[in-house]
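Worksheet for the structure shown next.
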Amino acid sequence: MSTLLDRFTNDLLPGNDHWPAAAEIEVGVAMQQLASTDSEQKSLFDRLLDFLENHKDRPALAEILEVKDSELFGFAKVLAFEAYYINPQVREVIARRSMYANRPPQPAGFPVVTRTVAPWNEDEILWRSDGTECSNEVLIEQKKDPKKTWTVEEIRKWRH
Amino acid sequence: MTALHDEVNVLVVGAGAAGAAFTWRLASMGVAVTCLEQGEWQSPESSLTALENWESKRLRERSANPNIRRNAADYPILDDTSIIKPAIFNGVGGSTILWSAHTPRFRPSDFRVKSLDGVGADWPISYWDLAEYYEINDEIMGTSGQHGDPGNPPRTPRTTPPVPLGLAGSRLAEALNDLKWHWWPSDGNILTLDRGSRKACNGCGPCEMGCANGARASVDITYWPEALALGAELRTGATVRRVLVDASGRASGVEWIDQTGQEHVTHANIVVMACNGVGTPRILLNSVSKEHPRGLGNSSDQLGRNLMLHPIPVVTGVFDEDVQSWSGNDAFALLIQEFYENDGSRDFKRGYEMQVTRGQGPLVTALGGFSHDIPWGLGHHEAFEKFFGHVATVAVTCEDLPHPNNRVTIEPSVTDRCGVPAARMSYELEENSKKMIKHGVKSATALLVKAGARETHAKPFAPSAGFHLMGTARMGSNPKDSFVNQACRSHDIPNLLIIDGSVFASAGAVNPTPTLQAVALRAADLLREDALV
C-alpha cells in the first residue's frame, strides 16, 4: 500500500533541489491519519487505495485517476496537499524561500507592514438621495461640511 | 416520551447576530426574554489559530459549509440545486463566529430599489429609520474605521482607527487614487486598540477561524455577556422543531429537543425567529398544520422565496513584490463603491461594491486560494512560489435581485440529529447578475493591473460564498407579496416576529450583518413602543 501511495503522492508533489518529494516526508501516512477522523473521508481513502491497487502496474497513477475518476482524484489531491503543507519540513522550506514567518497565527500575530495612503475624494459626496426630505437635507448638510463630526443625538433625529 | 412544559415572556430562537442584538435590547428595557440556541458556546481561548496544523482545522472543524463541517449542532442543507453553497455557523454567536467582520452599511437607495430603479422590491422602512440603530450596533460591537466617507451618509467617529491597509492594500489604494475611483477605509468590527477585555488586532490573519484575543467581534463576546448580565436567559443545545399556534391563531410557543433527546414545549407571549435566511424558513415551513398547510404564516406563499445571496466574482492579482499577503486582516480596510449606484449607461440594473482581501496561508494557497490554479506535478512548486505572499484579491459583491424561484424549501427525506427535516437551497444566477459580474470582473482586473499586478486570475463567482442569506421572509407593506410588516411582525400571526436577514426586501451590495442587527434592534424598540412587552 505504502509504495503505491508513495508513487501516487510523488506524482502530485515531486521533489526538487529545494522541496522534499511527498514520499520523503511520508505524506501517504499523514493522509491516512487525516482521513481516519471522518467516516466519509475514510471511505473515500479506501476507494483510493483500491484504485491504486487495481492500477499498480501502470505508470503515472495520478494522471490515470484524474482521467478515470475526477471526483476521487479531487479528494485525494486535497488530502495530499493538506498532508504536505502542514508538514513542519515543508513549512521550513516556505520560510526559507519567502518572507513567511513560520509559526501559527496566534498568539503572537504578525506585524502588518503598510503605507499611509489618503483617499483622493474626501470632499465629493457620492451617495444618492432616496427622494425623502430627510435624505435631501442630510445631503445638503454633508456637502456643506463633509468633515463634520456628527453625534448620535443628531442622527437620532433622522428617524421618522 | 412526555414533553416538559414551561412558560416564558419573549422567546427568541437563534443566538446569532440578530438574536443577540434583539435580546440585549429588550433585556436593557427590563423585559424578560429567553433565547433558545441549538449550538453551544465557543471558546476563543482555545483558538485553532494557535495550533501548528491550523490550516487543516480550517478545512475541517472551521469549514464555513455545514455540510462539510458536520458539527453536532449543524443541520443538513441540501445544496445540489444551488450554484452557491451555504456558509453558516450554528452556536452562540451564529455566523459571526466565522465572519471577517467587514461592516459597511446599506445606502439609502438600497431601501428604494423599486421606486428608484424599477427592480426588486422596496422596503417599507428607510435608511433613516435605521441610522440610529446602526450607531448603537457599532458601539456595542466595537467598530474600527474613519468617519467622513463621501460615499455614504454621515456617521459618528468610529471606536478605533481603521485596520492597516498592508502592502498590497496600499498598492491598491494608490491605484484607486490614480483611477479616481471611490474608496474609503471601511468600517469593520475589528478593534485596532484595546477595549476592556478585548485586545487590539495583532494582524494574525484568518479572522474567519475565530479571534483568540477578541479583537474581531462576534456577538458571543459583545451582546451576549451584556444581555445575560441584564437578566436575559440563554439555553444552549436546544433544537427547535416547530413553532406552535393556539386556537386564536396566535403563536403560542415552540417545540424543541434538548441534547439528551428530551422533548420540551416552551410557551411564550411572543415568538421571535432569528435563525438566518435558511434556518428561519426551514423551521416555519416545518411548522405546518391544518390552518397553515404551506408553513406557518405563509398565506402569501412568500416564505422561503426570493433567496438573495450576493454573487461574488473574485479576481486575484499577482505582484512581483513579496507583499506578505499571508498576514493582516482577511478583508483590508478598503471600501470601493465607485460602481455601487444604478447607472443607466450600463446593461444591468443596480451595482456592486469591491472589497480587497489578502492572500492565504500555504495550504489554501496551494489549493488555489480564491481564484488561481496551481498545477500538481512538476510545475507545482514553481507556481506555488509565484503566488504565495505575492497576491491580493478583489472580491466584487454584486447586488442580487429577488426571484421567486431562488428559494429555500424542505427536504423531508433528510433530517438532522433530532429528526427535523432538512432545508434545500435552490439558486441560479439571473441575467442581471451575469452582466453585473462581467462588469465587476473587468473593473477588478483594471484595478489590479493599475496597482502593478503582472497577471490576474478571475473566477465568475465564488461557489463557497453563500454567507449572505437574505430575503426568504421579506418585509413589505402588502401582505400578498411579503411575509412581515415594517415592524418585522408576520402579516398572518402578529405575535410572530422574524428579525434576521430573511426580512430583507433587497440585498444591497454590502455585507448584511450590521443592517440586520439594526433591523433587530429597531424591532425590539417597536415592541416596547407599541406596548406589546
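Lettering and numbering for the C-alpha cells are positional, with chains as A, B, ... in the shown order, residues counted from 1 in each chain, and ligands counted from 1 in the shown order.
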
Q. What lies within 10 Å of stretch 103-120 of chain A using only C-alpha atoms, ignoring chain neighbours under 6 positions off, as a ChimeraX atom specification?
A. /A:88,91-92,95 /B:47-55,149,163-174,176-185,201-206,211-213,323-329,334,361

Would you export the selected residues with N, CA and C atoms as a compact mmCIF listing (two decimals), in the first residue's frame, please?
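Final output, out.txt:
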# COMPACT_ATOMS: atom_id res chain seq x y z
N PRO A 88 5.98 20.12 9.06
CA PRO A 88 6.96 21.13 9.52
C PRO A 88 8.13 21.32 8.55
N ARG A 91 6.99 23.59 5.82
CA ARG A 91 6.85 24.97 6.32
C ARG A 91 8.23 25.64 6.43
N GLU A 92 9.22 24.87 6.80
CA GLU A 92 10.57 25.44 6.89
C GLU A 92 11.08 25.85 5.51
N ALA A 95 9.46 29.10 4.61
CA ALA A 95 10.05 30.23 5.33
C ALA A 95 11.41 30.61 4.75
N SER B 47 -8.52 28.98 20.63
CA SER B 47 -8.50 29.27 19.20
C SER B 47 -7.64 28.28 18.42
N LEU B 48 -8.20 27.83 17.34
CA LEU B 48 -7.49 26.87 16.50
C LEU B 48 -6.31 27.51 15.78
N THR B 49 -6.29 28.84 15.75
CA THR B 49 -5.21 29.52 15.02
C THR B 49 -3.89 29.48 15.78
N ALA B 50 -3.89 28.93 17.00
CA ALA B 50 -2.63 28.79 17.73
C ALA B 50 -2.01 27.41 17.52
N LEU B 51 -2.67 26.59 16.73
CA LEU B 51 -2.15 25.24 16.50
C LEU B 51 -1.26 25.20 15.26
N GLU B 52 -0.27 24.29 15.29
CA GLU B 52 0.63 24.15 14.14
C GLU B 52 -0.15 23.77 12.87
N ASN B 53 -1.18 22.94 13.04
CA ASN B 53 -1.96 22.48 11.87
C ASN B 53 -3.25 23.30 11.69
N TRP B 54 -3.13 24.61 11.98
CA TRP B 54 -4.32 25.46 11.94
C TRP B 54 -5.01 25.46 10.57
N GLU B 55 -4.24 25.34 9.52
CA GLU B 55 -4.89 25.38 8.20
C GLU B 55 -5.70 24.12 7.93
N ASP B 149 -16.75 59.35 5.19
CA ASP B 149 -16.82 58.74 3.85
C ASP B 149 -17.81 59.51 2.97
N VAL B 163 -8.28 49.34 10.36
CA VAL B 163 -7.19 48.36 10.30
C VAL B 163 -6.22 48.78 9.19
N PRO B 164 -4.94 48.44 9.32
CA PRO B 164 -3.97 48.90 8.31
C PRO B 164 -4.22 48.29 6.93
N LEU B 165 -3.79 49.01 5.93
CA LEU B 165 -4.01 48.55 4.55
C LEU B 165 -3.10 47.39 4.18
N GLY B 166 -1.95 47.31 4.79
CA GLY B 166 -0.97 46.29 4.37
C GLY B 166 -0.31 46.73 3.07
N LEU B 167 0.71 46.01 2.67
CA LEU B 167 1.45 46.41 1.46
C LEU B 167 0.59 46.30 0.21
N ALA B 168 -0.15 45.20 0.08
CA ALA B 168 -1.00 45.04 -1.10
C ALA B 168 -2.14 46.06 -1.08
N GLY B 169 -2.74 46.26 0.09
CA GLY B 169 -3.82 47.24 0.20
C GLY B 169 -3.34 48.64 -0.13
N SER B 170 -2.11 48.96 0.30
CA SER B 170 -1.56 50.29 -0.01
C SER B 170 -1.40 50.47 -1.52
N ARG B 171 -0.91 49.42 -2.16
CA ARG B 171 -0.77 49.48 -3.63
C ARG B 171 -2.12 49.76 -4.29
N LEU B 172 -3.15 49.05 -3.81
CA LEU B 172 -4.47 49.21 -4.42
C LEU B 172 -5.05 50.59 -4.11
N ALA B 173 -4.83 51.09 -2.90
CA ALA B 173 -5.32 52.42 -2.56
C ALA B 173 -4.67 53.48 -3.46
N GLU B 174 -3.38 53.32 -3.69
CA GLU B 174 -2.69 54.27 -4.57
C GLU B 174 -3.23 54.17 -6.00
N LEU B 176 -6.26 53.25 -6.81
CA LEU B 176 -7.61 53.84 -6.79
C LEU B 176 -7.52 55.36 -6.87
N ASN B 177 -6.53 55.93 -6.21
CA ASN B 177 -6.34 57.38 -6.31
C ASN B 177 -5.99 57.78 -7.75
N ASP B 178 -5.15 56.98 -8.39
CA ASP B 178 -4.78 57.27 -9.79
C ASP B 178 -6.00 57.16 -10.71
N LEU B 179 -6.83 56.14 -10.45
CA LEU B 179 -8.02 55.93 -11.29
C LEU B 179 -9.14 56.92 -10.98
N LYS B 180 -9.02 57.59 -9.85
CA LYS B 180 -10.08 58.49 -9.36
C LYS B 180 -11.38 57.71 -9.12
N TRP B 181 -11.23 56.55 -8.53
CA TRP B 181 -12.38 55.74 -8.12
C TRP B 181 -12.60 55.91 -6.63
N HIS B 182 -13.86 55.87 -6.22
CA HIS B 182 -14.15 55.99 -4.79
C HIS B 182 -13.47 54.89 -4.00
N TRP B 183 -12.88 55.24 -2.88
CA TRP B 183 -12.52 54.26 -1.86
C TRP B 183 -12.47 54.97 -0.53
N TRP B 184 -12.60 54.20 0.53
CA TRP B 184 -12.56 54.76 1.87
C TRP B 184 -12.15 53.65 2.84
N PRO B 185 -11.44 54.02 3.91
CA PRO B 185 -11.15 52.99 4.93
C PRO B 185 -12.46 52.45 5.50
N CYS B 201 -6.27 44.14 17.48
CA CYS B 201 -5.90 43.17 16.44
C CYS B 201 -4.37 43.09 16.32
N ASN B 202 -3.87 41.88 16.23
CA ASN B 202 -2.42 41.71 16.05
C ASN B 202 -2.07 41.19 14.65
N GLY B 203 -3.00 41.38 13.73
CA GLY B 203 -2.69 41.09 12.32
C GLY B 203 -2.45 39.63 12.02
N CYS B 204 -3.04 38.74 12.80
CA CYS B 204 -2.69 37.32 12.65
C CYS B 204 -3.21 36.73 11.34
N GLY B 205 -4.34 37.25 10.85
CA GLY B 205 -4.79 36.82 9.52
C GLY B 205 -6.14 36.16 9.45
N PRO B 206 -6.27 34.89 9.80
CA PRO B 206 -7.51 34.17 9.49
C PRO B 206 -8.67 34.50 10.43
N CYS B 211 -11.41 34.64 16.71
CA CYS B 211 -10.34 35.55 17.14
C CYS B 211 -9.96 35.26 18.58
N ALA B 212 -8.72 34.84 18.77
CA ALA B 212 -8.28 34.42 20.10
C ALA B 212 -8.23 35.57 21.09
N ASN B 213 -7.95 36.79 20.59
CA ASN B 213 -7.80 37.89 21.55
C ASN B 213 -9.00 38.83 21.56
N VAL B 323 4.43 40.86 -1.00
CA VAL B 323 3.60 41.77 -0.20
C VAL B 323 3.12 41.10 1.09
N GLN B 324 3.70 39.96 1.40
CA GLN B 324 3.38 39.24 2.64
C GLN B 324 1.87 39.06 2.81
N SER B 325 1.26 38.58 1.78
CA SER B 325 -0.20 38.54 1.75
C SER B 325 -0.79 37.43 2.61
N TRP B 326 0.02 36.73 3.34
CA TRP B 326 -0.47 35.74 4.30
C TRP B 326 -0.75 36.39 5.64
N SER B 327 -0.44 37.69 5.81
CA SER B 327 -0.64 38.36 7.10
C SER B 327 -1.66 39.48 6.95
N GLY B 328 -2.13 39.96 8.08
CA GLY B 328 -3.12 41.05 8.07
C GLY B 328 -4.53 40.51 8.02
N ASN B 329 -5.49 41.42 8.17
CA ASN B 329 -6.89 41.02 8.23
C ASN B 329 -7.35 40.39 6.94
N LEU B 334 -10.53 48.54 2.89
CA LEU B 334 -10.75 49.25 1.63
C LEU B 334 -12.18 49.03 1.16
N GLY B 361 -2.83 31.38 3.65
CA GLY B 361 -1.69 30.62 4.17
C GLY B 361 -1.21 29.61 3.15

Q: Work out how far atom CA of B:Val31 is from atom CA of B:Ala274, in Å to one decimal.
A: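 Atom CA of B:Ala274 sits 17.9 Å away from atom CA of B:Val31.
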
**Q.** Residue list (strand (DSSP E), DSSP) for stretch 310-478 of chain B, as an NGL selection string
**A.** :B and (314-318 or 331-336 or 352-357 or 391-398 or 407-415 or 421-427 or 455-459)

Could you write those residues out with C-alpha atoms, as a CSV table (one decimal), in the first residue's frame?
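Just written: out.csv:
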chain,number,residue,atom,x,y,z
B,314,VAL,CA,-13.2,37.3,-7.5
B,315,VAL,CA,-10.0,38.4,-9.3
B,316,THR,CA,-6.6,37.7,-7.9
B,317,GLY,CA,-3.6,39.8,-8.9
B,318,VAL,CA,0.0,38.5,-8.7
B,331,ALA,CA,-10.6,42.0,4.5
B,332,PHE,CA,-8.4,45.0,4.2
B,333,ALA,CA,-9.9,48.4,5.2
B,334,LEU,CA,-10.7,49.3,1.6
B,335,LEU,CA,-14.3,50.0,0.7
B,336,ILE,CA,-14.7,50.7,-3.0
B,352,TYR,CA,-21.7,46.4,-6.9
B,353,GLU,CA,-19.0,47.0,-4.3
B,354,MET,CA,-15.5,45.9,-4.3
B,355,GLN,CA,-13.5,44.7,-1.3
B,356,VAL,CA,-9.9,43.8,-1.2
B,357,THR,CA,-8.7,40.7,0.6
B,391,VAL,CA,-1.2,38.3,-4.2
B,392,ALA,CA,-4.2,40.4,-3.5
B,393,THR,CA,-7.7,39.5,-4.4
B,394,VAL,CA,-10.6,41.9,-5.3
B,395,ALA,CA,-13.9,40.4,-4.3
B,396,VAL,CA,-16.9,42.0,-6.1
B,397,THR,CA,-20.1,42.0,-4.1
B,398,CYS,CA,-22.9,42.1,-6.6
B,407,ARG,CA,-35.7,29.7,-2.6
B,408,VAL,CA,-35.5,27.6,0.5
B,409,THR,CA,-37.7,24.5,0.7
B,410,ILE,CA,-37.9,21.5,2.9
B,411,GLU,CA,-36.5,18.0,2.1
B,412,PRO,CA,-38.4,15.6,4.3
B,413,SER,CA,-36.3,12.6,3.3
B,414,VAL,CA,-33.2,14.0,5.1
B,415,THR,CA,-33.3,15.1,8.8
B,421,PRO,CA,-36.4,17.8,8.1
B,422,ALA,CA,-33.5,19.4,6.2
B,423,ALA,CA,-33.6,22.6,4.2
B,424,ARG,CA,-32.9,22.7,0.5
B,425,MET,CA,-31.4,25.7,-1.3
B,426,SER,CA,-32.3,26.3,-4.9
B,427,TYR,CA,-30.4,29.2,-6.5
B,455,GLU,CA,-1.0,38.8,-14.1
B,456,THR,CA,-4.6,38.4,-13.0
B,457,HIS,CA,-6.8,35.3,-12.5
B,458,ALA,CA,-10.6,35.6,-12.4
B,459,LYS,CA,-13.5,33.4,-11.2

Q: Please run DSSP on the backbone and report, as a PyMOL selection string, all residues within stretch 4-129 of chain A that come out as alpha helix (DSSP H).
A: chain A and resi 4-12+27-35+39-54+61-68+70-85+88-97

Q.
Which residues are near stretch 235-248 of chain B? Cut-off 9 Å, only C-alpha atoms, ignore same chain within fewer than 5 positions. Put them as a PyMOL selection string.
A. chain B and resi 13+15+34-41+73+91-92+253-259+267+271+283-288+296+418-421+493

Those selected residues, please, written with C-alpha atoms and delivered as a PDB file, in the first residue's frame.
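So the final result, stored in result_33.pdb, reads:
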ATOM      1  CA  VAL B  13     -34.931  31.304  18.517  1.00  0.00           C
ATOM      2  CA  ALA B  15     -28.360  33.288  19.323  1.00  0.00           C
ATOM      3  CA  THR B  34     -35.353  33.814  26.751  1.00  0.00           C
ATOM      4  CA  CYS B  35     -33.295  32.578  23.809  1.00  0.00           C
ATOM      5  CA  LEU B  36     -33.003  29.012  22.508  1.00  0.00           C
ATOM      6  CA  GLU B  37     -29.835  28.099  20.606  1.00  0.00           C
ATOM      7  CA  GLN B  38     -29.187  24.687  19.090  1.00  0.00           C
ATOM      8  CA  GLY B  39     -25.400  25.011  19.321  1.00  0.00           C
ATOM      9  CA  GLU B  40     -23.037  25.730  22.182  1.00  0.00           C
ATOM     10  CA  TRP B  41     -20.709  28.456  23.395  1.00  0.00           C
ATOM     11  CA  ALA B  73     -25.384  21.349  16.042  1.00  0.00           C
ATOM     12  CA  GLY B  91     -23.718  28.064  18.030  1.00  0.00           C
ATOM     13  CA  VAL B  92     -23.798  31.036  20.382  1.00  0.00           C
ATOM     14  CA  GLY B 253     -44.500  28.870  21.755  1.00  0.00           C
ATOM     15  CA  VAL B 254     -42.160  26.280  20.273  1.00  0.00           C
ATOM     16  CA  GLU B 255     -41.434  22.576  20.460  1.00  0.00           C
ATOM     17  CA  TRP B 256     -37.767  21.808  20.999  1.00  0.00           C
ATOM     18  CA  ILE B 257     -35.457  18.939  21.819  1.00  0.00           C
ATOM     19  CA  ASP B 258     -32.501  19.046  24.193  1.00  0.00           C
ATOM     20  CA  GLN B 259     -29.221  17.182  23.824  1.00  0.00           C
ATOM     21  CA  HIS B 267     -44.965  28.592  25.796  1.00  0.00           C
ATOM     22  CA  VAL B 271     -42.048  34.204  19.415  1.00  0.00           C
ATOM     23  CA  ILE B 283     -38.486  25.934  10.904  1.00  0.00           C
ATOM     24  CA  LEU B 284     -41.548  27.849   9.718  1.00  0.00           C
ATOM     25  CA  LEU B 285     -42.009  25.605   6.670  1.00  0.00           C
ATOM     26  CA  ASN B 286     -41.753  22.633   9.025  1.00  0.00           C
ATOM     27  CA  SER B 287     -44.474  24.170  11.229  1.00  0.00           C
ATOM     28  CA  VAL B 288     -47.329  23.049   9.002  1.00  0.00           C
ATOM     29  CA  LEU B 296     -46.665  28.913   9.405  1.00  0.00           C
ATOM     30  CA  CYS B 418     -33.359  15.463  16.124  1.00  0.00           C
ATOM     31  CA  GLY B 419     -35.356  14.232  13.161  1.00  0.00           C
ATOM     32  CA  VAL B 420     -36.209  17.719  11.881  1.00  0.00           C
ATOM     33  CA  PRO B 421     -36.404  17.783   8.052  1.00  0.00           C
ATOM     34  CA  ILE B 493     -49.563  35.998  13.033  1.00  0.00           C
TER      35      ILE B 493
END

Q: Compile the contact shell of B:Pro362 as a list in words: residues with an atom at most 10 Å away, counting only C-alpha atoms, same-chain residues fewer than 2 positions apart removed.
A: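 Contacts, in chain order: Phe81, Glu82, Tyr85, Ile86, Val90, Arg91, Ile94 and Tyr100 of chain A; Glu55, Trp326, Gly359, Gln360, Val364, Thr365, Ala366, Leu367, Gly369, Phe384, Glu385, Phe387, Phe388 and Gly389 of chain B.
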
Q: Select, from B:Ser371, B:Asn137, B:Gln42, B:Asn269, the residue with the minimum atom-to-atom distance to B:Ser464, counting only C-alpha atoms.
A: B:Ser371

(Q) Show me, as a PyMOL selection string, the residues that have an atom within 12 Å of A:Ala22 when counting only C-alpha atoms, minus same-chain residues fewer than 6 positions from it. (A) (chain A and resi 2-3+5-16+28-31+77+79-87+89-90) or (chain B and resi 376-377+381)

**Q.** Atomic distance atom CA of B:Tyr75 - atom CA of B:Ala251, expressed in Å with one decimal
**A.**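 Distance reported for this atom pair: 24.0 Å.
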
Q: Find the residues near A:Leu72: any atom within 8 Å, counting only C-alpha atoms, skip ones fewer than 5 places away on the same chain, and give them as a PyMOL selection string.
A: chain A and resi 44+47-48+65-66

Just the selected residues (N, CA and C atoms), exported as a short mmCIF file (atom, residue, chain, number, x, y, z; two decimals), in the first residue's frame, please.
data_model
loop_
_atom_site.label_atom_id
_atom_site.label_comp_id
_atom_site.auth_asym_id
_atom_site.auth_seq_id
_atom_site.Cartn_x
_atom_site.Cartn_y
_atom_site.Cartn_z
N LEU A 44 -13.67 7.21 1.27
CA LEU A 44 -13.04 7.68 0.03
C LEU A 44 -11.57 7.25 -0.03
N ARG A 47 -11.35 3.81 -1.08
CA ARG A 47 -11.57 3.72 -2.54
C ARG A 47 -10.30 4.07 -3.30
N LEU A 48 -9.59 5.07 -2.78
CA LEU A 48 -8.33 5.46 -3.42
C LEU A 48 -7.34 4.30 -3.39
N LEU A 65 -5.89 8.41 -12.51
CA LEU A 65 -7.02 8.66 -11.61
C LEU A 65 -7.77 9.93 -12.02
N GLU A 66 -7.03 10.97 -12.38
CA GLU A 66 -7.68 12.23 -12.76
C GLU A 66 -8.61 12.03 -13.95
#

Q.
Set the distance at 9 Å and use only C-alpha atoms: which residues neighbour A:Val138 once local chain neighbours fewer than 3 positions away are removed? I'd like the list as a PyMOL selection string.
A. (chain A and resi 133-135+141-143+158) or (chain B and resi 153-154)

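Taking atom CA of B:Met475 and atom CA of B:Lys290 as endpoints, the distance between them is 25.1 Å.
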
Q. Restricting the calculation to only C-alpha atoms, which member of B:Ala487, B:Ala227, B:Val12, B:Ala505 is positioned closest to B:Asp530?
A. B:Ala487

Q) Of the candidates A:Arg58, A:Val67, A:Gln41, A:Leu49, which shows the shortest atom-to-atom distance to chain B, using only C-alpha atoms? A)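 With only C-alpha atoms as the atom set, the closest residue is A:Gln41.
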